[in-house]
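Novice: Sharing a structure below in structure tokens format, with a few things to ask.
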Amino acid sequence: MSADFWAGYLSGAVGIVIGNPLDIIKVRMQSQGGSTGVASGLTSVASLAKGTAAPILGYGALNALLFVSYNRAETTMNQMLSMDKNLYTIWAAGALGGLATWVVSTPTELVKCRAQLSSPSEPSWKIARQIWQSNGIRGLYLGGVVTALRDSIGYGFYFWSYELAMQRWDTYQPEPSPSDPLKILLCGGLAGIITWASVFPLDVIKTRVQTQQDAFTHRNQTLGARRLALEAWREDGIRVFFRGLTVCSVRAFFVNAVQWAVYEWTMRELGQGRTQIAASA
């Protein structure tokens with residue numbers, strides 16, 4: 001496996017462990033129509049780890065696939081267009097990388113969301129089995145279209161904003177360092193916030209699609225993303241599509257700061273960091 005695969009896998013797994021407690025709160029706010037009941041059931045350390053198992057395995061693989069797809073797509077586009085590294089191809093490569101993660105992200109998000117809302121708590125593997133028995137492979141890809149759209153747009157902004165922040169940081173530094181820990185942490189955290197702000201309404205719709213109460217008990221009873229979006233709009237107007245954004249932004253900053261730091265550190269340790277690449281150029 002390549003260096004960016006392992007760097008992506010490790011950073012993704014670490015990010016889930018750090019961000020899961022706040023992610024539970026975000027999902028509850030998106031699916032339950034407000035803050036009422038959000039704290040219900042979150043009374044122990046175990047309750048804050050709900051839904052962690054599936055994402056640790058799934059999101060590690062997702063992040064590995066994301067970084068590998070992004071790096072290959074960016075390199076290919078720059079070669080085809082005879083261009084140096086630039087923000088346009090970075091966004092496009094990020095969007096392609098995000099789209100490539102769809103096959104992993106949809107079932108992972110589905111199981112994670114249902115595990116986080118389950119009461120009493122159910123293990124992720126049991127929820128996945130129930131979905132499979134009720135609706136087969138199709139059931140695991142409930143909300144797949146809106147998830148693919150969210151990931152494509154979001155990861156485009158993810159890599160674009162991280163690279164832009166890194167470039168702006170270097171502009172104001174007399175002696176810029178590719179491996180400056182503070183720069184990586186702050187730029188990574190900022191990229192996380194920008195990413196979620198760009199796709200949060202889509203994430204709200206995705207959560208509502210995947211957490212429908214009857215989605216896995218009666219065949220063909222699920223509502224589509226468009227109808228659920230209209231119902232959400234009638235429920236509380238535009239505000240409903242940004243409910244939980246503050247919690248998500250706090251989570252995004254810390255999770256992505258750490259994820260980028262782990263990714264850059266792992267790449268450097270495997271001889272593929274920015275410093276080594278720049279030296280060999």
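Here, A, B, ... name the chains of the structure tokens in the order displayed, residue numbers run from 1 inside each chain, and ligands are numbered from 1 in the same displayed order.
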Mind checking which residues fall within 10 Å of Arg227 (chain A), counting only C-alpha atoms, ignoring those fewer than 6 positions away in the same chain, and posting them as a PDB file with all heavy atoms, in the first residue's frame?

Specialist:
ATOM      1  N   ILE A 205     -30.138  16.984   5.381  1.00  0.00           N
ATOM      2  CA  ILE A 205     -31.051  16.167   4.583  1.00  0.00           C
ATOM      3  C   ILE A 205     -30.613  14.710   4.596  1.00  0.00           C
ATOM      4  O   ILE A 205     -31.427  13.786   4.737  1.00  0.00           O
ATOM      5  CB  ILE A 205     -31.117  16.702   3.141  1.00  0.00           C
ATOM      6  CG1 ILE A 205     -31.690  18.124   3.136  1.00  0.00           C
ATOM      7  CG2 ILE A 205     -31.969  15.786   2.269  1.00  0.00           C
ATOM      8  CD1 ILE A 205     -31.569  18.831   1.807  1.00  0.00           C
ATOM      9  N   VAL A 209     -32.808  11.505   5.862  1.00  0.00           N
ATOM     10  CA  VAL A 209     -33.106  10.379   4.979  1.00  0.00           C
ATOM     11  C   VAL A 209     -32.701   9.064   5.629  1.00  0.00           C
ATOM     12  O   VAL A 209     -33.441   8.075   5.616  1.00  0.00           O
ATOM     13  CB  VAL A 209     -32.376  10.542   3.627  1.00  0.00           C
ATOM     14  CG1 VAL A 209     -32.473   9.259   2.807  1.00  0.00           C
ATOM     15  CG2 VAL A 209     -32.964  11.709   2.835  1.00  0.00           C
ATOM     16  N   TRP A 233     -38.344  22.175   5.659  1.00  0.00           N
ATOM     17  CA  TRP A 233     -38.543  23.605   5.406  1.00  0.00           C
ATOM     18  C   TRP A 233     -39.860  24.082   6.020  1.00  0.00           C
ATOM     19  O   TRP A 233     -39.905  25.131   6.665  1.00  0.00           O
ATOM     20  CB  TRP A 233     -38.527  23.863   3.907  1.00  0.00           C
ATOM     21  CG  TRP A 233     -38.805  25.293   3.533  1.00  0.00           C
ATOM     22  CD1 TRP A 233     -40.027  25.890   3.401  1.00  0.00           C
ATOM     23  CD2 TRP A 233     -37.844  26.315   3.277  1.00  0.00           C
ATOM     24  NE1 TRP A 233     -39.894  27.210   3.056  1.00  0.00           N
ATOM     25  CE2 TRP A 233     -38.566  27.506   2.971  1.00  0.00           C
ATOM     26  CE3 TRP A 233     -36.458  26.338   3.242  1.00  0.00           C
ATOM     27  CZ2 TRP A 233     -37.933  28.701   2.652  1.00  0.00           C
ATOM     28  CZ3 TRP A 233     -35.813  27.539   2.923  1.00  0.00           C
ATOM     29  CH2 TRP A 233     -36.545  28.690   2.638  1.00  0.00           C
TER      30      TRP A 233
END

Novice: What's around region 182-190 of chain A at 10 Å? Count only C-alpha atoms, leave out sequence neighbours fewer than 4 positions away in its own chain, and write the answer as a PDB file with C-alpha atoms, in the first residue's frame.

Specialist:
ATOM      1  CA  TYR A 158     -11.753  20.589   2.014  1.00  0.00           C
ATOM      2  CA  PHE A 159      -8.558  20.304  -0.002  1.00  0.00           C
ATOM      3  CA  SER A 161      -9.333  25.556   1.702  1.00  0.00           C
ATOM      4  CA  TYR A 162      -6.461  23.643   3.331  1.00  0.00           C
ATOM      5  CA  GLU A 163      -4.072  24.443   0.494  1.00  0.00           C
ATOM      6  CA  LEU A 164      -5.246  28.062   0.316  1.00  0.00           C
ATOM      7  CA  ALA A 165      -4.736  28.510   4.064  1.00  0.00           C
ATOM      8  CA  MET A 166      -1.260  26.953   3.858  1.00  0.00           C
ATOM      9  CA  GLN A 167      -0.308  29.310   1.026  1.00  0.00           C
ATOM     10  CA  ARG A 168      -1.624  32.374   2.851  1.00  0.00           C
ATOM     11  CA  TRP A 169       0.231  31.350   6.003  1.00  0.00           C
ATOM     12  CA  ASP A 170       3.507  31.129   4.077  1.00  0.00           C
ATOM     13  CA  PRO A 176       7.957  29.348   5.834  1.00  0.00           C
ATOM     14  CA  SER A 177       8.283  25.740   6.965  1.00  0.00           C
ATOM     15  CA  PRO A 178       6.245  22.938   5.301  1.00  0.00           C
ATOM     16  CA  ILE A 194     -15.177  25.685   5.712  1.00  0.00           C
ATOM     17  CA  THR A 195     -15.973  22.190   4.449  1.00  0.00           C
ATOM     18  CA  SER A 249     -17.931  23.586  13.480  1.00  0.00           C
ATOM     19  CA  VAL A 250     -16.307  23.089  16.883  1.00  0.00           C
ATOM     20  CA  ARG A 251     -15.968  19.383  16.173  1.00  0.00           C
ATOM     21  CA  ALA A 252     -14.706  20.034  12.645  1.00  0.00           C
ATOM     22  CA  PHE A 253     -11.939  22.346  13.823  1.00  0.00           C
ATOM     23  CA  PHE A 254     -10.447  19.951  16.350  1.00  0.00           C
ATOM     24  CA  VAL A 255     -10.979  16.764  14.339  1.00  0.00           C
ATOM     25  CA  ASN A 256      -9.516  18.120  11.112  1.00  0.00           C
ATOM     26  CA  ALA A 257      -6.659  19.886  12.857  1.00  0.00           C
ATOM     27  CA  VAL A 258      -5.609  16.546  14.323  1.00  0.00           C
ATOM     28  CA  GLN A 259      -6.354  14.601  11.141  1.00  0.00           C
ATOM     29  CA  TRP A 260      -4.171  16.825   8.985  1.00  0.00           C
ATOM     30  CA  ALA A 261      -1.416  16.779  11.602  1.00  0.00           C
ATOM     31  CA  VAL A 262      -1.495  12.958  11.715  1.00  0.00           C
ATOM     32  CA  TYR A 263      -1.620  12.755   7.914  1.00  0.00           C
ATOM     33  CA  GLU A 264       1.308  15.148   7.375  1.00  0.00           C
ATOM     34  CA  TRP A 265       3.343  13.495  10.157  1.00  0.00           C
TER      35      TRP A 265
END

Novice: In terms of the shortest atom-to-atom distance over only C-alpha atoms, which of A:Ser198, A:Ser152, A:Gln116, A:Ser124 is closest to Ala92 (chain A)?

Specialist: A:Ser152

Novice: Step one, run DSSP on the backbone; step two, keep only residues of region 188-255 of chain A assigned to alpha helix (DSSP H); then write them as a VMD selection string.

Specialist: chain A and resid 188 to 210 225 to 236 245 to 255

Novice: Have a look at A:Trp196, A:Ser69, A:Asp4, A:Ser105 and name the one nearest to Thr246 (chain A); count only C-alpha atoms.

Specialist: A:Trp196

Novice: Using Å and a single decimal, report how far CA of Met77 (chain A) sits from CA of Asn63 (chain A).

Specialist: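 Distance reported for this atom pair: 20.8 Å.
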